[in-house]
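The next block is model-v9.cif, given as mmCIF, C-alpha atoms and all ligand atoms.
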```cif
data_query
#
loop_
_atom_site.group_PDB
_atom_site.id
_atom_site.type_symbol
_atom_site.label_atom_id
_atom_site.label_comp_id
_atom_site.auth_asym_id
_atom_site.auth_seq_id
_atom_site.Cartn_x
_atom_site.Cartn_y
_atom_site.Cartn_z
ATOM 1 C CA MET A 6 101.617 70.522 78.667
ATOM 2 C CA SER A 7 104.011 72.688 76.707
ATOM 3 C CA ARG A 8 106.716 74.834 78.265
ATOM 4 C CA SER A 9 104.867 77.963 77.165
ATOM 5 C CA GLU A 10 101.711 76.794 78.954
ATOM 6 C CA ASP A 11 103.791 76.087 82.087
ATOM 7 C CA ILE A 12 105.152 79.620 81.975
ATOM 8 C CA ARG A 13 101.699 81.090 81.331
ATOM 9 C CA ASN A 14 100.316 79.294 84.407
ATOM 10 C CA GLU A 15 103.234 80.509 86.552
ATOM 11 C CA VAL A 16 102.674 84.086 85.397
ATOM 12 C CA TYR A 17 98.968 83.786 86.095
ATOM 13 C CA ARG A 18 99.647 82.537 89.641
ATOM 14 C CA PHE A 19 102.049 85.391 90.282
ATOM 15 C CA LEU A 20 99.526 87.959 89.086
ATOM 16 C CA ARG A 21 96.850 86.447 91.266
ATOM 17 C CA GLN A 22 99.130 86.711 94.306
ATOM 18 C CA GLN A 23 99.780 90.332 93.464
ATOM 19 C CA LYS A 24 96.027 90.838 93.354
ATOM 20 C CA GLU A 25 95.629 89.239 96.784
ATOM 21 C CA PHE A 26 98.156 91.706 98.148
ATOM 22 C CA ARG A 27 96.076 94.367 96.405
ATOM 23 C CA TYR A 28 98.890 95.579 94.225
ATOM 24 C CA PRO A 29 97.775 97.368 91.067
ATOM 25 C CA ASP A 30 96.933 94.769 88.463
ATOM 26 C CA PRO A 31 97.089 96.177 84.988
ATOM 27 C CA ILE A 32 96.783 92.813 83.289
ATOM 28 C CA LEU A 33 93.879 91.206 85.140
ATOM 29 C CA PRO A 34 91.746 94.212 86.122
ATOM 30 C CA GLY A 35 88.547 92.204 86.388
ATOM 31 C CA PHE A 36 90.000 89.289 88.300
ATOM 32 C CA LYS A 37 87.904 88.426 91.359
ATOM 33 C CA GLY A 38 89.446 85.131 92.448
ATOM 34 C CA ILE A 39 88.603 81.688 91.230
ATOM 35 C CA GLY A 40 85.459 81.357 93.338
ATOM 36 C CA LYS A 41 85.424 77.628 93.012
ATOM 37 C CA GLY A 42 86.596 76.741 96.461
ATOM 38 C CA SER A 43 83.194 75.317 97.188
ATOM 39 C CA ALA A 44 83.896 72.043 95.449
ATOM 40 C CA ILE A 45 84.462 70.109 98.667
ATOM 41 C CA ALA A 46 81.577 71.736 100.464
ATOM 42 C CA ALA A 47 79.339 71.336 97.430
ATOM 43 C CA ALA A 48 80.073 67.644 97.171
ATOM 44 C CA SER A 49 79.555 67.159 100.867
ATOM 45 C CA THR A 50 76.367 69.182 100.906
ATOM 46 C CA ALA A 51 75.001 67.075 98.115
ATOM 47 C CA ALA A 52 75.821 63.772 99.638
ATOM 48 C CA GLY A 53 76.778 64.050 103.298
ATOM 49 C CA ALA A 54 75.692 65.728 106.519
ATOM 50 C CA THR A 55 76.770 69.342 106.848
ATOM 51 C CA ARG A 56 76.656 72.110 109.374
ATOM 52 C CA LYS A 57 77.236 75.847 109.345
ATOM 53 C CA THR A 58 80.122 77.458 111.140
ATOM 54 C CA ALA A 59 81.811 80.790 110.978
ATOM 55 C CA ALA A 60 83.967 79.151 108.348
ATOM 56 C CA GLY A 61 81.007 78.306 106.119
ATOM 57 C CA THR A 62 79.232 75.101 105.214
ATOM 58 C CA ILE A 63 81.345 72.105 106.043
ATOM 59 C CA ALA A 64 80.941 68.386 105.874
ATOM 60 C CA THR A 65 80.479 66.670 109.204
ATOM 61 C CA THR A 66 80.527 63.207 107.770
ATOM 62 C CA ALA A 67 82.062 61.736 104.670
ATOM 63 C CA PRO A 68 79.571 62.122 101.823
ATOM 64 C CA ALA A 69 77.466 59.111 100.936
ATOM 65 C CA SER A 70 79.196 58.983 97.588
ATOM 66 C CA ALA A 71 82.551 58.357 99.259
ATOM 67 C CA PRO A 72 83.871 54.909 98.457
ATOM 68 C CA ALA A 73 83.627 52.793 101.593
ATOM 69 C CA ALA A 74 82.565 55.880 103.540
ATOM 70 C CA ALA A 75 82.720 54.110 106.892
ATOM 71 C CA ARG A 76 86.341 53.142 106.390
ATOM 72 C CA THR A 77 88.637 54.864 108.833
ATOM 73 C CA ASP A 78 91.817 52.979 108.013
ATOM 74 C CA LEU A 79 94.474 54.897 106.102
ATOM 75 C CA ALA A 80 95.912 51.844 104.364
ATOM 76 C CA GLY A 81 92.409 50.794 103.410
ATOM 77 C CA ALA A 82 91.719 54.231 101.952
ATOM 78 C CA ARG A 83 94.894 53.971 99.897
ATOM 79 C CA ALA A 84 93.916 50.534 98.696
ATOM 80 C CA GLU A 85 90.464 51.799 97.778
ATOM 81 C CA LEU A 86 92.010 54.591 95.733
ATOM 82 C CA GLY A 87 94.154 52.086 93.835
ATOM 83 C CA GLU A 88 95.548 53.236 90.495
ATOM 84 C CA CYS A 89 92.758 55.771 90.335
ATOM 85 C CA THR A 90 91.339 56.881 86.998
ATOM 86 C CA ARG A 91 88.264 58.602 88.443
ATOM 87 C CA CYS A 92 89.116 62.024 87.033
ATOM 88 C CA GLY A 93 91.046 63.364 84.076
ATOM 89 C CA LEU A 94 94.160 64.116 86.118
ATOM 90 C CA HIS A 95 95.211 60.485 85.987
ATOM 91 C CA GLY A 96 96.094 60.797 82.318
ATOM 92 C CA GLN A 97 99.351 62.699 82.649
ATOM 93 C CA ARG A 98 100.562 61.666 86.070
ATOM 94 C CA THR A 99 103.721 59.664 86.697
ATOM 95 C CA ASN A 100 102.775 58.737 90.259
ATOM 96 C CA LEU A 101 99.687 59.207 92.349
ATOM 97 C CA VAL A 102 100.706 61.164 95.471
ATOM 98 C CA PHE A 103 98.558 59.948 98.337
ATOM 99 C CA GLY A 104 100.252 61.451 101.384
ATOM 100 C CA VAL A 105 102.978 60.684 103.902
ATOM 101 C CA GLY A 106 103.506 60.852 107.616
ATOM 102 C CA ASN A 107 102.258 59.682 110.951
ATOM 103 C CA PRO A 108 98.881 57.920 110.629
ATOM 104 C CA ASN A 109 98.083 59.161 114.152
ATOM 105 C CA ALA A 110 99.255 62.717 113.580
ATOM 106 C CA LYS A 111 97.798 65.492 115.696
ATOM 107 C CA LEU A 112 98.710 67.954 112.959
ATOM 108 C CA MET A 113 97.936 67.594 109.247
ATOM 109 C CA PHE A 114 99.113 69.761 106.363
ATOM 110 C CA ILE A 115 97.012 69.981 103.217
ATOM 111 C CA GLY A 116 98.371 71.554 100.057
ATOM 112 C CA GLU A 117 96.851 71.966 96.638
ATOM 113 C CA ALA A 118 98.225 69.262 94.368
ATOM 114 C CA PRO A 119 101.485 67.513 93.542
ATOM 115 C CA GLY A 120 104.035 69.425 91.503
ATOM 116 C CA ALA A 121 106.579 68.035 89.078
ATOM 117 C CA ASP A 122 108.993 66.702 91.731
ATOM 118 C CA GLU A 123 106.168 65.190 93.753
ATOM 119 C CA ASP A 124 104.699 63.570 90.651
ATOM 120 C CA ARG A 125 108.089 62.068 89.875
ATOM 121 C CA LYS A 126 108.732 60.751 93.389
ATOM 122 C CA GLY A 127 105.188 59.943 94.483
ATOM 123 C CA GLU A 128 105.544 61.983 97.696
ATOM 124 C CA PRO A 129 104.137 65.372 98.653
ATOM 125 C CA PHE A 130 106.407 68.371 99.236
ATOM 126 C CA VAL A 131 109.736 66.934 98.122
ATOM 127 C CA GLY A 132 110.833 69.627 95.654
ATOM 128 C CA ARG A 133 112.113 73.119 96.397
ATOM 129 C CA ALA A 134 108.862 74.018 98.115
ATOM 130 C CA GLY A 135 109.195 70.882 100.248
ATOM 131 C CA GLN A 136 112.742 71.807 101.205
ATOM 132 C CA LEU A 137 111.548 75.215 102.335
ATOM 133 C CA LEU A 138 108.723 73.568 104.270
ATOM 134 C CA ASP A 139 111.302 71.355 106.002
ATOM 135 C CA LYS A 140 113.241 74.458 107.047
ATOM 136 C CA ILE A 141 110.083 76.049 108.432
ATOM 137 C CA PHE A 142 109.291 72.809 110.274
ATOM 138 C CA ALA A 143 112.787 72.810 111.797
ATOM 139 C CA ALA A 144 112.465 76.439 112.887
ATOM 140 C CA ALA A 145 109.056 75.716 114.424
ATOM 141 C CA GLU A 146 110.345 72.521 116.082
ATOM 142 C CA ILE A 147 107.870 70.410 114.159
ATOM 143 C CA ARG A 148 109.200 67.000 113.105
ATOM 144 C CA ARG A 149 108.085 65.987 109.634
ATOM 145 C CA GLU A 150 107.719 62.371 110.715
ATOM 146 C CA ASP A 151 105.252 63.381 113.442
ATOM 147 C CA VAL A 152 102.774 65.100 111.128
ATOM 148 C CA TYR A 153 100.818 64.020 108.059
ATOM 149 C CA ILE A 154 101.122 65.776 104.705
ATOM 150 C CA THR A 155 98.802 65.486 101.727
ATOM 151 C CA ASN A 156 97.061 67.526 99.043
ATOM 152 C CA ILE A 157 93.530 68.340 97.971
ATOM 153 C CA VAL A 158 94.000 66.275 94.794
ATOM 154 C CA LYS A 159 96.403 63.395 94.475
ATOM 155 C CA CYS A 160 97.537 63.764 90.869
ATOM 156 C CA ARG A 161 99.480 66.598 89.270
ATOM 157 C CA PRO A 162 97.415 69.041 87.220
ATOM 158 C CA PRO A 163 99.102 69.707 83.869
ATOM 159 C CA GLY A 164 101.394 72.724 84.012
ATOM 160 C CA ASN A 165 100.612 73.121 87.734
ATOM 161 C CA ARG A 166 97.274 74.728 86.932
ATOM 162 C CA ASP A 167 94.611 74.869 89.634
ATOM 163 C CA PRO A 168 92.617 71.649 89.918
ATOM 164 C CA HIS A 169 89.203 71.987 88.302
ATOM 165 C CA PRO A 170 86.072 71.786 90.484
ATOM 166 C CA ASP A 171 85.081 68.380 89.093
ATOM 167 C CA GLU A 172 88.567 67.050 89.889
ATOM 168 C CA VAL A 173 88.360 68.352 93.454
ATOM 169 C CA THR A 174 84.889 66.900 93.895
ATOM 170 C CA THR A 175 85.974 63.516 92.562
ATOM 171 C CA CYS A 176 89.068 63.326 94.757
ATOM 172 C CA ASN A 177 87.388 64.818 97.824
ATOM 173 C CA PRO A 178 86.076 61.537 99.330
ATOM 174 C CA PHE A 179 89.634 60.281 99.677
ATOM 175 C CA LEU A 180 90.820 63.406 101.467
ATOM 176 C CA LEU A 181 87.845 63.077 103.814
ATOM 177 C CA GLN A 182 88.798 59.449 104.408
ATOM 178 C CA GLN A 183 92.358 60.469 105.230
ATOM 179 C CA ILE A 184 91.159 63.076 107.713
ATOM 180 C CA ASP A 185 88.674 60.619 109.164
ATOM 181 C CA ALA A 186 91.394 57.979 109.579
ATOM 182 C CA ILE A 187 94.027 60.279 111.065
ATOM 183 C CA GLN A 188 91.725 62.456 113.190
ATOM 184 C CA PRO A 189 94.153 65.368 113.464
ATOM 185 C CA GLN A 190 93.270 68.056 115.948
ATOM 186 C CA LEU A 191 95.054 70.756 113.972
ATOM 187 C CA ILE A 192 95.002 71.299 110.216
ATOM 188 C CA CYS A 193 97.138 73.726 108.256
ATOM 189 C CA ALA A 194 95.984 74.581 104.739
ATOM 190 C CA LEU A 195 99.006 75.467 102.648
ATOM 191 C CA GLY A 196 98.179 78.046 100.031
ATOM 192 C CA ARG A 197 95.210 79.875 98.599
ATOM 193 C CA PHE A 198 93.664 76.946 96.791
ATOM 194 C CA ALA A 199 93.680 74.560 99.766
ATOM 195 C CA ALA A 200 92.416 77.306 102.088
ATOM 196 C CA GLN A 201 89.570 78.383 99.807
ATOM 197 C CA THR A 202 88.608 74.805 99.029
ATOM 198 C CA LEU A 203 88.533 73.598 102.616
ATOM 199 C CA LEU A 204 86.803 76.687 103.953
ATOM 200 C CA ASP A 205 84.464 77.237 100.993
ATOM 201 C CA LYS A 206 85.586 80.833 100.782
ATOM 202 C CA THR A 207 86.627 83.060 97.920
ATOM 203 C CA GLU A 208 88.694 85.510 99.959
ATOM 204 C CA GLY A 209 92.368 85.637 99.138
ATOM 205 C CA ILE A 210 94.879 83.846 101.307
ATOM 206 C CA GLY A 211 96.094 87.227 102.550
ATOM 207 C CA ARG A 212 92.754 87.632 104.318
ATOM 208 C CA LEU A 213 92.294 84.006 105.405
ATOM 209 C CA ARG A 214 95.699 83.496 106.975
ATOM 210 C CA GLY A 215 96.706 84.430 110.493
ATOM 211 C CA ARG A 216 93.610 83.210 112.344
ATOM 212 C CA TRP A 217 92.018 80.003 113.487
ATOM 213 C CA PHE A 218 88.872 78.524 111.952
ATOM 214 C CA ASP A 219 86.597 75.841 113.323
ATOM 215 C CA TRP A 220 86.487 73.004 110.800
ATOM 216 C CA HIS A 221 84.746 69.758 111.727
ATOM 217 C CA GLY A 222 85.469 70.660 115.328
ATOM 218 C CA LYS A 223 89.152 70.815 114.470
ATOM 219 C CA ARG A 224 91.274 73.959 114.473
ATOM 220 C CA LEU A 225 92.343 75.015 111.017
ATOM 221 C CA ILE A 226 94.827 77.704 110.076
ATOM 222 C CA CYS A 227 95.855 78.831 106.600
ATOM 223 C CA THR A 228 99.104 80.228 105.338
ATOM 224 C CA TYR A 229 100.900 80.917 102.072
ATOM 225 C CA HIS A 230 102.116 77.933 100.096
ATOM 226 C CA PRO A 231 105.899 77.465 100.347
ATOM 227 C CA SER A 232 106.164 77.750 96.560
ATOM 228 C CA ALA A 233 104.578 81.211 96.835
ATOM 229 C CA CYS A 234 107.338 82.128 99.300
ATOM 230 C CA LEU A 235 109.907 81.011 96.750
ATOM 231 C CA ARG A 236 108.373 83.373 94.218
ATOM 232 C CA ASN A 237 107.863 86.250 96.625
ATOM 233 C CA GLU A 238 110.161 86.730 99.621
ATOM 234 C CA SER A 239 107.690 89.076 101.290
ATOM 235 C CA TYR A 240 105.451 86.100 102.137
ATOM 236 C CA LYS A 241 108.074 84.561 104.426
ATOM 237 C CA ARG A 242 107.350 86.845 107.366
ATOM 238 C CA PRO A 243 103.566 86.188 107.462
ATOM 239 C CA VAL A 244 104.235 82.471 107.007
ATOM 240 C CA TRP A 245 106.547 82.519 110.010
ATOM 241 C CA ASN A 246 103.927 84.394 112.030
ATOM 242 C CA ASP A 247 101.353 81.721 111.103
ATOM 243 C CA PHE A 248 103.741 78.924 111.957
ATOM 244 C CA GLN A 249 104.414 80.464 115.354
ATOM 245 C CA MET A 250 100.668 80.290 116.059
ATOM 246 C CA LEU A 251 100.656 76.712 114.811
ATOM 247 C CA ARG A 252 103.744 75.777 116.822
ATOM 248 C CA ASP A 253 102.229 77.121 120.043
ATOM 249 C CA ALA A 254 98.949 75.248 119.524
ATOM 250 C CA TYR A 255 100.794 72.068 118.550
ATOM 251 C CA LYS A 256 103.159 72.245 121.529
ATOM 252 C CA GLU A 257 100.208 72.650 123.848
ATOM 253 C CA LEU A 258 98.585 69.546 122.333
ATOM 254 C CA VAL A 259 101.724 67.426 122.496
ATOM 255 C CA GLU A 260 102.636 68.436 126.019
ATOM 256 C CA ASN A 261 99.158 67.869 127.480
HETATM 257 S S1 LIG A 301 93.227 63.385 91.251
HETATM 258 FE FE1 LIG A 301 92.197 62.005 92.669
HETATM 259 S S2 LIG A 301 90.279 61.398 91.650
HETATM 260 FE FE2 LIG A 301 91.646 62.270 90.080
HETATM 261 S S3 LIG A 301 92.699 60.490 89.202
HETATM 262 FE FE3 LIG A 301 94.015 61.328 90.826
HETATM 263 S S4 LIG A 301 93.469 60.165 92.664
HETATM 264 FE FE4 LIG A 301 91.836 59.840 91.161
#
```

Step by step, read the file and then write its structure as structure tokens.
Ligand code: SF4
Amino acid sequence: MSRSEDIRNEVYRFLRQQKEFRYPDPILPGFKGIGKGSAIAAASTAAGATRKTAAGTIATTAPASAPAAARTDLAGARAELGECTRCGLHGQRTNLVFGVGNPNAKLMFIGEAPGADEDRKGEPFVGRAGQLLDKIFAAAEIRREDVYITNIVKCRPPGNRDPHPDEVTTCNPFLLQQIDAIQPQLICALGRFAAQTLLDKTEGIGRLRGRWFDWHGKRLICTYHPSACLRNESYKRPVWNDFQMLRDAYKELVEN
């Protein structure tokens, strides 16, 4: 991916955020959101049991197409993934970024995809966005080692573009395996893409954040991605509001 394509993708993301905040958008007047957040739900609907909630159609079991669907062991899921070449994202990755943290975490964070730093190090949220996330964790009294952090897809999309629906669908069984193995009671979707994908919604993150959803019987909250906060300071306040809700729910879980 060339530098100019990187810049184009960054500009496109910024404009989309502006649109979500309903600022005038002279460049993308017809933009209505990506509308492809249904990849996980679509895959699950096709192959696994589903149910309807206020949050939309969700998978209640790992889809039948999931490799070793009954597996609930995190290390086993990682082994099953191997040096994955199941979708086109494998071609330009340096490292596959599976996830890190407590395998028995009560709280799980799910972002979109690895970025350049994550691709280089093989760990999620280790670049500037990760450093900001660490600061938010510290302020919310959440210890990074107590939670589990992963992404919707495990390989970096070229130029940090959004993962394509077929890439999400292909990687989805492994995310479901991770959730199944960890059994978190709280999930936080970091950013528009993770929120729309998990919830099968096309609303912007500005509308999805700040409230709890029922997801597989777990409580799910969405907030802005830390990298969005780095681009736009005005997102920091709503993120802190969301993290205060998360902190209170997490504290209650840990203390009881
Ligand atoms: S993104 Fe997921 S499915 Fe695609 S190559 Fe990477 S691990 Fe495999």

Subject >> Env. residues ligand LIG 301 (chain A) / 10 Å / all atoms listed in the file / as a PyMOL selection string >> reply: chain A and resi 83+86-98+100-103+118-119+156-162+168-169+171-180

**OP:** Quick one: apply the PyMOL selection byres (((chain A and resi 249-260) around 12) and not hetatm) to the file and drop the selected residues here as a PyMOL selection string.
**Re:** chain A and resi 110-114+141-148+151-152+189-194+214-217+223-228+242-248+261

Subject >> Atomic separation - atom CA of Gly106 of chain A relative to atom CA of Asn237 of chain A, Å >> reply: 28.0 Å

**OP:** Return as a list in words the set of residues that the PyMOL selection byres (((chain A and resi 235) around 12) and not hetatm) yields on the displayed structure.
**Re:**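 What the PyMOL selection byres (((chain A and resi 235) around 12) and not hetatm) grabs from the file is Phe19, Gly132, Arg133, Ala134, Gly135, Gln136, Leu137, Leu138, Tyr229, His230, Pro231, Ser232, Ala233, Cys234, Arg236, Asn237, Glu238, Ser239, Tyr240, Lys241 and Val244 of chain A.
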
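The space between atom CA of Ala80 of chain A and atom CA of Thr155 of chain A spans 14.2 Å.
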
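The space between atom CA of Gly196 of chain A and atom CA of Gly81 of chain A spans 28.1 Å.
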
Original post:
Pick from A:Asp205, A:Ala84, A:Ile210, A:Gly104: nearest to Ile184 of chain A, with all atoms listed in the file counted?
Top reply: A:Gly104

**OP:** Compile the contact shell of Phe198 of chain A as a PyMOL selection string: residues with an atom at most 8 Å away, counting only C-alpha atoms, same-chain residues fewer than 4 positions apart removed.
**Re:** chain A and resi 42+116-117+167+202

**OP:** Would you mind telling me which residue in A:Lys140, A:Arg166, A:Arg149, A:Arg125 lies nearest to Asn107 of chain A when using all atoms listed in the file?
**Re:** A:Arg149
